[in-house]
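Coordinates from work.cif are shown below (mmCIF, C-alpha atoms).
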data_work
#
loop_
_atom_site.group_PDB
_atom_site.id
_atom_site.type_symbol
_atom_site.label_atom_id
_atom_site.label_comp_id
_atom_site.auth_asym_id
_atom_site.auth_seq_id
_atom_site.Cartn_x
_atom_site.Cartn_y
_atom_site.Cartn_z
ATOM 1 C CA MET A 1 29.547 46.269 49.241
ATOM 2 C CA ALA A 2 28.704 42.695 48.354
ATOM 3 C CA LYS A 3 25.328 42.206 46.732
ATOM 4 C CA LEU A 4 25.205 38.525 47.642
ATOM 5 C CA THR A 5 22.213 38.526 49.917
ATOM 6 C CA ILE A 6 21.207 35.835 52.338
ATOM 7 C CA GLU A 7 17.897 35.759 50.519
ATOM 8 C CA ASP A 8 19.510 34.823 47.188
ATOM 9 C CA LEU A 9 21.379 32.021 48.866
ATOM 10 C CA LYS A 10 18.229 30.763 50.564
ATOM 11 C CA LYS A 11 16.409 30.655 47.222
ATOM 12 C CA ILE A 12 19.189 28.574 45.729
ATOM 13 C CA LYS A 13 19.102 26.284 48.738
ATOM 14 C CA GLU A 14 15.417 25.512 48.248
ATOM 15 C CA LYS A 15 15.796 25.032 44.510
ATOM 16 C CA VAL A 16 18.771 22.696 44.886
ATOM 17 C CA HIS A 17 16.901 20.584 47.395
ATOM 18 C CA ILE A 18 14.037 20.085 44.946
ATOM 19 C CA ASP A 19 16.440 19.239 42.099
ATOM 20 C CA THR A 20 18.322 16.724 44.221
ATOM 21 C CA ALA A 21 15.105 15.056 45.282
ATOM 22 C CA LEU A 22 14.180 14.512 41.624
ATOM 23 C CA ARG A 23 17.493 12.950 40.730
ATOM 24 C CA GLU A 24 18.824 9.694 42.055
ATOM 25 C CA GLY A 25 22.457 8.666 42.329
ATOM 26 C CA GLY A 26 25.582 10.720 41.735
ATOM 27 C CA ALA A 27 27.364 12.003 38.650
ATOM 28 C CA ARG A 28 27.050 10.167 35.344
ATOM 29 C CA VAL A 29 29.952 11.983 33.690
ATOM 30 C CA LYS A 30 33.095 13.499 35.194
ATOM 31 C CA VAL A 31 34.790 16.272 33.234
ATOM 32 C CA THR A 32 38.269 17.495 34.170
ATOM 33 C CA VAL A 33 39.753 20.687 32.745
ATOM 34 C CA HIS A 34 43.530 20.718 33.141
ATOM 35 C CA MET A 35 44.577 23.988 34.806
ATOM 36 C CA GLY A 36 48.335 24.132 35.045
ATOM 37 C CA THR A 37 50.278 27.265 34.095
ATOM 38 C CA CYS A 38 50.365 25.942 30.519
ATOM 39 C CA GLY A 39 46.617 25.299 30.451
ATOM 40 C CA ILE A 40 45.702 28.687 31.904
ATOM 41 C CA ALA A 41 48.023 30.509 29.482
ATOM 42 C CA SER A 42 46.486 28.724 26.491
ATOM 43 C CA GLY A 43 42.849 29.295 27.434
ATOM 44 C CA ALA A 44 41.725 26.534 29.824
ATOM 45 C CA ARG A 45 39.821 29.062 31.949
ATOM 46 C CA GLU A 46 37.695 30.059 28.949
ATOM 47 C CA VAL A 47 37.081 26.380 28.133
ATOM 48 C CA LEU A 48 35.865 25.835 31.694
ATOM 49 C CA ASP A 49 33.643 28.916 31.352
ATOM 50 C CA ALA A 50 32.082 27.544 28.147
ATOM 51 C CA LEU A 51 31.464 24.197 29.833
ATOM 52 C CA MET A 52 29.817 25.814 32.870
ATOM 53 C CA ASN A 53 27.591 27.941 30.630
ATOM 54 C CA VAL A 54 26.443 25.051 28.479
ATOM 55 C CA ILE A 55 25.716 22.962 31.592
ATOM 56 C CA ALA A 56 23.628 25.808 33.023
ATOM 57 C CA GLU A 57 21.775 26.316 29.704
ATOM 58 C CA ASP A 58 21.047 22.626 29.362
ATOM 59 C CA GLY A 59 20.037 22.256 32.985
ATOM 60 C CA VAL A 60 21.789 18.907 33.414
ATOM 61 C CA SER A 61 22.648 17.972 36.979
ATOM 62 C CA ASP A 62 24.544 14.694 36.508
ATOM 63 C CA VAL A 63 27.775 16.160 35.116
ATOM 64 C CA ALA A 64 30.544 16.749 37.658
ATOM 65 C CA VAL A 65 33.150 19.337 36.701
ATOM 66 C CA THR A 66 36.564 19.618 38.261
ATOM 67 C CA THR A 67 40.042 20.926 37.457
ATOM 68 C CA SER A 68 43.470 19.364 37.730
ATOM 69 C CA GLY A 69 47.081 20.335 37.227
ATOM 70 C CA CYS A 70 49.393 19.928 34.269
ATOM 71 C CA MET A 71 49.978 16.372 33.047
ATOM 72 C CA GLY A 72 53.154 17.083 31.120
ATOM 73 C CA LEU A 73 51.757 17.605 27.619
ATOM 74 C CA CYS A 74 51.903 21.398 27.778
ATOM 75 C CA SER A 75 52.142 21.822 24.002
ATOM 76 C CA ARG A 76 48.726 20.223 23.518
ATOM 77 C CA GLU A 77 46.871 22.330 26.071
ATOM 78 C CA PRO A 78 44.085 23.114 26.774
ATOM 79 C CA LEU A 79 43.338 19.494 27.662
ATOM 80 C CA VAL A 80 39.993 18.177 28.838
ATOM 81 C CA THR A 81 39.263 14.667 30.131
ATOM 82 C CA VAL A 82 35.730 13.314 29.765
ATOM 83 C CA GLU A 83 34.941 10.212 31.762
ATOM 84 C CA VAL A 84 31.546 8.646 31.346
ATOM 85 C CA ILE A 85 31.378 6.582 34.531
ATOM 86 C CA GLY A 86 32.045 2.910 33.757
ATOM 87 C CA LYS A 87 33.831 3.731 30.485
ATOM 88 C CA GLU A 88 37.406 4.597 29.647
ATOM 89 C CA PRO A 89 38.294 8.307 30.066
ATOM 90 C CA ILE A 90 38.825 10.246 26.820
ATOM 91 C CA LYS A 91 41.389 13.075 26.638
ATOM 92 C CA TYR A 92 40.726 15.926 24.243
ATOM 93 C CA GLU A 93 43.563 18.188 23.081
ATOM 94 C CA TYR A 94 43.809 21.774 21.757
ATOM 95 C CA MET A 95 40.410 22.605 23.200
ATOM 96 C CA ASN A 96 38.598 25.920 22.873
ATOM 97 C CA PRO A 97 35.115 27.095 23.887
ATOM 98 C CA ASN A 98 33.526 25.955 20.586
ATOM 99 C CA LYS A 99 35.048 22.481 20.717
ATOM 100 C CA MET A 100 34.020 22.256 24.378
ATOM 101 C CA ARG A 101 30.385 22.972 23.492
ATOM 102 C CA GLN A 102 30.518 20.339 20.748
ATOM 103 C CA VAL A 103 32.043 17.750 23.094
ATOM 104 C CA PHE A 104 29.345 18.550 25.656
ATOM 105 C CA LYS A 105 26.454 18.195 23.202
ATOM 106 C CA ARG A 106 27.772 15.131 21.352
ATOM 107 C CA HIS A 107 29.920 13.189 23.787
ATOM 108 C CA ILE A 108 28.702 14.101 27.260
ATOM 109 C CA ILE A 109 24.999 14.110 26.348
ATOM 110 C CA LYS A 110 24.788 11.634 23.434
ATOM 111 C CA GLY A 111 27.833 9.461 24.119
ATOM 112 C CA GLU A 112 29.464 9.995 20.701
ATOM 113 C CA ILE A 113 33.227 10.413 21.118
ATOM 114 C CA GLN A 114 34.479 13.376 19.078
ATOM 115 C CA THR A 115 37.404 11.559 17.430
ATOM 116 C CA PRO A 116 38.994 14.547 15.594
ATOM 117 C CA PHE A 117 39.802 16.241 18.935
ATOM 118 C CA VAL A 118 40.914 13.134 20.805
ATOM 119 C CA LEU A 119 44.468 12.953 22.113
ATOM 120 C CA ALA A 120 44.245 9.600 23.879
ATOM 121 C CA LYS A 121 42.102 7.081 25.654
ATOM 122 C CA GLY A 122 42.672 6.081 29.262
ATOM 123 C CA ALA A 123 44.118 7.675 32.378
ATOM 124 C CA GLU A 124 47.599 9.187 32.522
ATOM 125 C CA ILE A 125 50.337 7.398 34.412
ATOM 126 C CA VAL A 126 52.665 9.668 36.361
ATOM 127 C CA LYS A 127 56.084 8.115 36.721
ATOM 128 C CA MET B 128 49.506 35.276 30.541
ATOM 129 C CA LEU B 129 47.433 38.124 29.166
ATOM 130 C CA GLU B 130 45.498 39.018 32.303
ATOM 131 C CA LEU B 131 46.455 39.528 35.939
ATOM 132 C CA SER B 132 43.471 37.395 36.932
ATOM 133 C CA LYS B 133 45.090 34.453 35.110
ATOM 134 C CA HIS B 134 48.241 34.948 37.169
ATOM 135 C CA ILE B 135 46.017 34.934 40.261
ATOM 136 C CA LEU B 136 44.474 31.609 39.191
ATOM 137 C CA ASP B 137 47.908 30.161 38.450
ATOM 138 C CA ILE B 138 49.576 31.229 41.711
ATOM 139 C CA ALA B 139 46.559 30.211 43.812
ATOM 140 C CA GLU B 140 46.821 26.749 42.213
ATOM 141 C CA ASN B 141 50.326 26.586 43.749
ATOM 142 C CA SER B 142 48.742 27.304 47.147
ATOM 143 C CA ILE B 143 46.233 24.510 46.636
ATOM 144 C CA ARG B 144 48.980 22.090 45.652
ATOM 145 C CA ALA B 145 50.755 23.077 48.874
ATOM 146 C CA GLY B 146 47.761 21.666 50.738
ATOM 147 C CA CYS B 147 46.400 24.962 52.059
ATOM 148 C CA ARG B 148 43.006 25.386 53.719
ATOM 149 C CA LYS B 149 42.705 29.078 52.984
ATOM 150 C CA VAL B 150 43.923 31.471 50.276
ATOM 151 C CA LEU B 151 43.795 35.241 50.769
ATOM 152 C CA ILE B 152 43.879 37.210 47.524
ATOM 153 C CA THR B 153 44.229 40.976 47.819
ATOM 154 C CA VAL B 154 44.358 43.582 45.041
ATOM 155 C CA ILE B 155 45.053 47.208 45.952
ATOM 156 C CA GLU B 156 44.878 49.837 43.244
ATOM 157 C CA ASP B 157 46.522 53.045 44.444
ATOM 158 C CA LEU B 158 45.920 55.590 41.700
ATOM 159 C CA LYS B 159 47.811 58.397 43.526
ATOM 160 C CA ALA B 160 50.973 56.330 43.883
ATOM 161 C CA ASP B 161 50.253 54.793 40.442
ATOM 162 C CA THR B 162 50.639 51.232 41.687
ATOM 163 C CA LEU B 163 48.650 48.031 41.595
ATOM 164 C CA THR B 164 49.597 45.591 44.325
ATOM 165 C CA LEU B 165 48.620 41.934 44.233
ATOM 166 C CA GLU B 166 49.118 39.662 47.205
ATOM 167 C CA ILE B 167 48.366 35.947 47.398
ATOM 168 C CA SER B 168 48.825 34.405 50.804
ATOM 169 C CA ASP B 169 48.203 30.807 51.870
ATOM 170 C CA ASP B 170 48.518 28.543 54.887
ATOM 171 C CA GLY B 171 49.987 25.642 52.931
ATOM 172 C CA LYS B 172 53.112 23.671 53.710
ATOM 173 C CA GLY B 173 55.520 26.466 52.726
ATOM 174 C CA MET B 174 58.969 26.079 51.233
ATOM 175 C CA ASN B 175 62.391 25.324 52.711
ATOM 176 C CA GLY B 176 65.460 27.475 52.077
ATOM 177 C CA ASP B 177 66.540 25.556 48.988
ATOM 178 C CA GLU B 178 63.065 25.647 47.447
ATOM 179 C CA ILE B 179 62.697 29.400 48.079
ATOM 180 C CA GLU B 180 65.988 30.047 46.308
ATOM 181 C CA ARG B 181 65.033 27.944 43.311
ATOM 182 C CA ALA B 182 61.339 28.902 43.042
ATOM 183 C CA LEU B 183 62.125 31.703 40.584
ATOM 184 C CA ASP B 184 64.277 29.495 38.379
ATOM 185 C CA PRO B 185 62.151 28.608 35.299
ATOM 186 C CA PHE B 186 63.906 25.245 35.131
ATOM 187 C CA TYR B 187 62.950 24.283 38.664
ATOM 188 C CA THR B 188 59.686 22.561 39.515
ATOM 189 C CA THR B 189 58.430 20.149 42.169
ATOM 190 C CA LYS B 190 56.448 18.260 39.545
ATOM 191 C CA LYS B 191 57.645 15.109 37.857
ATOM 192 C CA VAL B 192 55.697 15.313 34.612
ATOM 193 C CA ARG B 193 57.812 18.084 33.055
ATOM 194 C CA ARG B 194 61.003 19.971 33.739
ATOM 195 C CA VAL B 195 59.933 23.602 33.725
ATOM 196 C CA GLY B 196 58.044 25.719 36.254
ATOM 197 C CA LEU B 197 57.034 29.046 34.765
ATOM 198 C CA GLY B 198 54.256 30.377 37.009
ATOM 199 C CA LEU B 199 56.295 32.454 39.464
ATOM 200 C CA PRO B 200 59.011 33.538 36.979
ATOM 201 C CA MET B 201 56.338 34.836 34.579
ATOM 202 C CA LEU B 202 54.608 36.805 37.342
ATOM 203 C CA LYS B 203 57.919 38.334 38.437
ATOM 204 C CA LEU B 204 58.742 39.277 34.841
ATOM 205 C CA ALA B 205 55.279 40.801 34.301
ATOM 206 C CA ALA B 206 55.748 42.989 37.397
ATOM 207 C CA GLU B 207 59.278 44.062 36.580
ATOM 208 C CA LEU B 208 58.320 44.991 33.010
ATOM 209 C CA THR B 209 56.067 47.676 34.487
ATOM 210 C CA GLY B 210 58.715 49.048 36.861
ATOM 211 C CA GLY B 211 57.240 47.070 39.728
ATOM 212 C CA SER B 212 58.647 44.607 42.199
ATOM 213 C CA PHE B 213 58.244 41.003 43.344
ATOM 214 C CA ARG B 214 58.519 39.671 46.879
ATOM 215 C CA MET B 215 57.993 36.213 48.250
ATOM 216 C CA ASP B 216 58.021 35.080 51.879
ATOM 217 C CA SER B 217 57.678 31.462 52.836
ATOM 218 C CA GLN B 218 57.993 29.554 56.063
ATOM 219 C CA GLU B 219 58.058 25.801 56.125
ATOM 220 C CA GLY B 220 54.917 24.489 57.745
ATOM 221 C CA ARG B 221 53.324 27.960 57.915
ATOM 222 C CA GLY B 222 52.586 29.015 54.346
ATOM 223 C CA THR B 223 53.695 31.272 51.526
ATOM 224 C CA THR B 224 52.948 34.878 50.610
ATOM 225 C CA VAL B 225 53.623 36.313 47.172
ATOM 226 C CA ASN B 226 53.460 40.100 46.912
ATOM 227 C CA VAL B 227 53.879 41.888 43.578
ATOM 228 C CA THR B 228 53.586 45.537 42.637
ATOM 229 C CA PHE B 229 52.898 46.789 39.115
ATOM 230 C CA GLY B 230 53.123 50.278 37.643
ATOM 231 C CA HIS B 231 49.383 50.990 37.370
ATOM 232 C CA SER B 232 49.444 53.187 34.268
ATOM 233 C CA HIS B 233 52.398 51.453 32.610
ATOM 234 C CA ILE B 234 51.549 50.407 29.049
ATOM 235 C CA ASP B 235 52.826 46.867 29.657
ATOM 236 C CA ARG B 236 50.705 46.335 32.762
ATOM 237 C CA GLN B 237 48.233 43.563 31.952
ATOM 238 C CA PRO B 238 44.555 44.302 32.539
ATOM 239 C CA LEU B 239 43.028 42.686 35.612
ATOM 240 C CA GLY B 240 40.671 40.647 33.428
ATOM 241 C CA ASP B 241 37.879 38.379 34.572
ATOM 242 C CA VAL B 242 38.329 38.016 38.338
ATOM 243 C CA GLY B 243 34.904 36.401 38.706
ATOM 244 C CA LEU B 244 35.852 33.592 36.318
ATOM 245 C CA THR B 245 39.150 33.090 38.138
ATOM 246 C CA MET B 246 37.436 32.779 41.533
ATOM 247 C CA VAL B 247 34.794 30.416 40.161
ATOM 248 C CA SER B 248 37.513 28.266 38.534
ATOM 249 C CA LEU B 249 39.325 28.038 41.867
ATOM 250 C CA ILE B 250 36.152 27.061 43.731
ATOM 251 C CA ILE B 251 35.267 24.354 41.171
ATOM 252 C CA GLY B 252 38.730 22.843 41.422
ATOM 253 C CA SER B 253 38.966 23.012 45.220
ATOM 254 C CA PRO B 254 35.553 23.436 46.837
ATOM 255 C CA GLN B 255 36.992 22.433 50.224
ATOM 256 C CA VAL B 256 39.417 25.397 50.298
ATOM 257 C CA ASP B 257 38.348 28.817 51.603
ATOM 258 C CA PHE B 258 39.007 31.808 49.383
ATOM 259 C CA VAL B 259 38.921 35.443 50.415
ATOM 260 C CA TYR B 260 39.129 38.036 47.645
ATOM 261 C CA THR B 261 39.626 41.635 48.700
ATOM 262 C CA HIS B 262 39.896 44.515 46.245
ATOM 263 C CA LYS B 263 40.543 48.146 47.220
ATOM 264 C CA LYS B 264 40.268 51.056 44.837
ATOM 265 C CA ASN B 265 39.252 54.735 45.048
ATOM 266 C CA GLY B 266 38.860 54.444 48.836
ATOM 267 C CA ARG B 267 36.262 51.694 48.355
ATOM 268 C CA GLN B 268 36.502 48.031 49.094
ATOM 269 C CA TYR B 269 34.994 44.841 47.702
ATOM 270 C CA ARG B 270 35.296 41.576 49.600
ATOM 271 C CA LEU B 271 34.164 38.042 48.908
ATOM 272 C CA ASP B 272 34.663 35.388 51.570
ATOM 273 C CA THR B 273 33.600 31.849 50.689
ATOM 274 C CA ARG B 274 33.301 31.053 54.419
ATOM 275 C CA ASP B 275 30.366 33.491 54.691
ATOM 276 C CA ILE B 276 28.679 31.932 51.658
ATOM 277 C CA ARG B 277 29.258 28.404 52.916
ATOM 278 C CA ARG B 278 27.676 29.260 56.259
ATOM 279 C CA GLU B 279 24.452 30.386 54.563
ATOM 280 C CA LEU B 280 24.346 27.469 52.146
ATOM 281 C CA GLY B 281 24.280 24.741 54.771
ATOM 282 C CA ASP B 282 24.289 21.387 52.988
ATOM 283 C CA VAL B 283 24.202 22.859 49.459
ATOM 284 C CA PRO B 284 27.646 22.462 47.875
ATOM 285 C CA ILE B 285 29.409 25.754 47.085
ATOM 286 C CA GLU B 286 30.444 24.389 43.656
ATOM 287 C CA HIS B 287 26.799 24.119 42.587
ATOM 288 C CA VAL B 288 26.191 25.847 39.227
ATOM 289 C CA GLU B 289 23.616 28.269 40.661
ATOM 290 C CA VAL B 290 25.856 29.310 43.541
ATOM 291 C CA LEU B 291 28.803 29.831 41.197
ATOM 292 C CA SER B 292 26.841 32.035 38.838
ATOM 293 C CA LEU B 293 25.642 34.109 41.800
ATOM 294 C CA ILE B 294 29.226 34.486 43.052
ATOM 295 C CA ARG B 295 30.332 35.530 39.607
ATOM 296 C CA SER B 296 27.694 38.173 39.125
ATOM 297 C CA ASP B 297 28.449 39.490 42.616
ATOM 298 C CA ILE B 298 32.132 39.920 41.741
ATOM 299 C CA ASP B 299 31.294 41.525 38.368
ATOM 300 C CA GLN B 300 28.975 43.998 40.091
ATOM 301 C CA GLY B 301 31.588 44.623 42.794
ATOM 302 C CA MET B 302 34.233 45.424 40.167
ATOM 303 C CA ARG B 303 31.866 47.837 38.397
ATOM 304 C CA ASP B 304 31.080 49.592 41.696
ATOM 305 C CA LEU B 305 34.786 49.986 42.463
ATOM 306 C CA SER B 306 35.501 51.639 39.125
ATOM 307 C CA ALA B 307 32.418 53.876 39.111
ATOM 308 C CA THR B 308 33.201 57.576 39.218
ATOM 309 C CA GLU B 309 30.883 59.870 41.014
#

Produce structure tokens that represent the structure in this file.
Amino acid sequence: MAKLTIEDLKKIKEKVHIDTALREGGARVKVTVHMGTCGIASGAREVLDALMNVIAEDGVSDVAVTTSGCMGLCSREPLVTVEVIGKEPIKYEYMNPNKMRQVFKRHIIKGEIQTPFVLAKGAEIVK
Amino acid sequence: MLELSKHILDIAENSIRAGCRKVLITVIEDLKADTLTLEISDDGKGMNGDEIERALDPFYTTKKVRRVGLGLPMLKLAAELTGGSFRMDSQEGRGTTVNVTFGHSHIDRQPLGDVGLTMVSLIIGSPQVDFVYTHKKNGRQYRLDTRDIRRELGDVPIEHVEVLSLIRSDIDQGMRDLSATE
């Protein structure tokens, strides 16, 4: 039933090898979409989808995307943390696909923090 | 939760937090019996007797950051609203299986939603975990096993954008094929 052919996967393999050869070093930016029950219910999956799409459109290969659990601020979900490596992580609150695209284009690419959506600076401390 | 696929994402996140290596997700749509069965099974650390008893209490959670745990209670409620049932088996050290049945044609039964996006979200969050998605409907079956994909990819990471978009379009096509009438 599956249409995923070995051929498709081989093509990707070749392409990825070329891309990796062109790029040196690891990720420049790490983006975390919080995916607890609260995040999922308020649209975190769609935010992640928007982020993946805009990364694919832009063709950037130095942005690492991951997900994490709930950090206890369920009322402000969906939450997204953007960490430009070497700088303090920025947490964005009440995210949606449009805000995610804006944060990608302005903050992740150009380095301009999108203050109106910011919840906090820094990493969370779990007691 | 407005889609069953969001419940799948939520419950599978529990499996991942339980340190599993493999999550089996199975959806069986039986149109004759008018049921939709969803099963999520993992090989994580499982729960002890006390935890099993309290897992369905919305005010019980293993997390420290907040005092509610709504994932399982919401899934149970969603199933029972459609005349369905909820079952959970867990063995400490062996893993947990959640099995829910929904009334397929019941007006309150949530749509399945975007399964492809759910699977891709799981892979991004936990690329080291194996996921097997099986869907049966109309005597047909769709199956996606990340172990098969990983084997072909060699040293290319499974969470690579290109691989994810291929996985997603495969699931979308698979879902269309399952629903096709001929």

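Between CA of Ile251 (chain B) and CA of Glu286 (chain B) there is a distance of 5.4 Å.
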
Applied to the shown file, which residues does the PyMOL selection byres ((chain B) within 8 of (chain A)) return, written as JSON, numbers by chain? {"B": [128, 129, 133, 136, 137, 140, 191, 192, 193, 197, 198, 244, 245, 248, 251, 252, 268, 269, 270, 271, 276, 279, 280, 283, 288, 289, 290, 293, 294, 297, 298, 300, 301]}

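The space separating CA of Gly122 (chain A) from CA of Gly26 (chain A) comes to 21.7 Å.
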
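Excluding region 88-102 of chain A itself and same-chain residues fewer than 4 positions from it, the residues having an atom within 6 Å of it are A:Val47, A:Ala50, A:Arg76, A:Glu77, A:Pro78, A:Leu79, A:Val80, A:Thr81, A:Val82, A:Glu83, A:Arg106, A:Phe117, A:Val118, A:Leu119, A:Ala120, A:Lys121, A:Gly122, counting all atoms listed in the file.
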
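Run against this file, the PyMOL selection byres ((chain B and resi 146) around 12) gives back B:Ala139, B:Glu140, B:Asn141, B:Ser142, B:Ile143, B:Arg144, B:Ala145, B:Cys147, B:Arg148, B:Lys149, B:Val150, B:Asp169, B:Asp170, B:Gly171, B:Lys172, B:Gly173, B:Gly220, B:Arg221, B:Gly222, B:Thr223, B:Ser253, B:Gln255, B:Val256, B:Asp257.
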
If the box runs along x, y and z of the file and leaves 6 Å on each side of region 207-221 of chain B, what are its centre and edge lengths in Å, one decimal, as JSON?
{"center_x": 56.3, "center_y": 36.8, "center_z": 45.5, "size_x": 18.0, "size_y": 36.6, "size_z": 36.9}

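Take CA of Ser306 (chain B) and CA of Arg274 (chain B): the distance between them is 25.7 Å.
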
Give me the residues near Leu202 (chain B) as an MDAnalysis selection string, where near means some atom within 12 Å (using only C-alpha atoms) and where sequence neighbours in that chain fewer than 2 positions away do not count. (chainID A and resid 37) or (chainID B and resid 128:138 165:167 182:183 185 196:200 204:209 211:215 225:229 236:237)
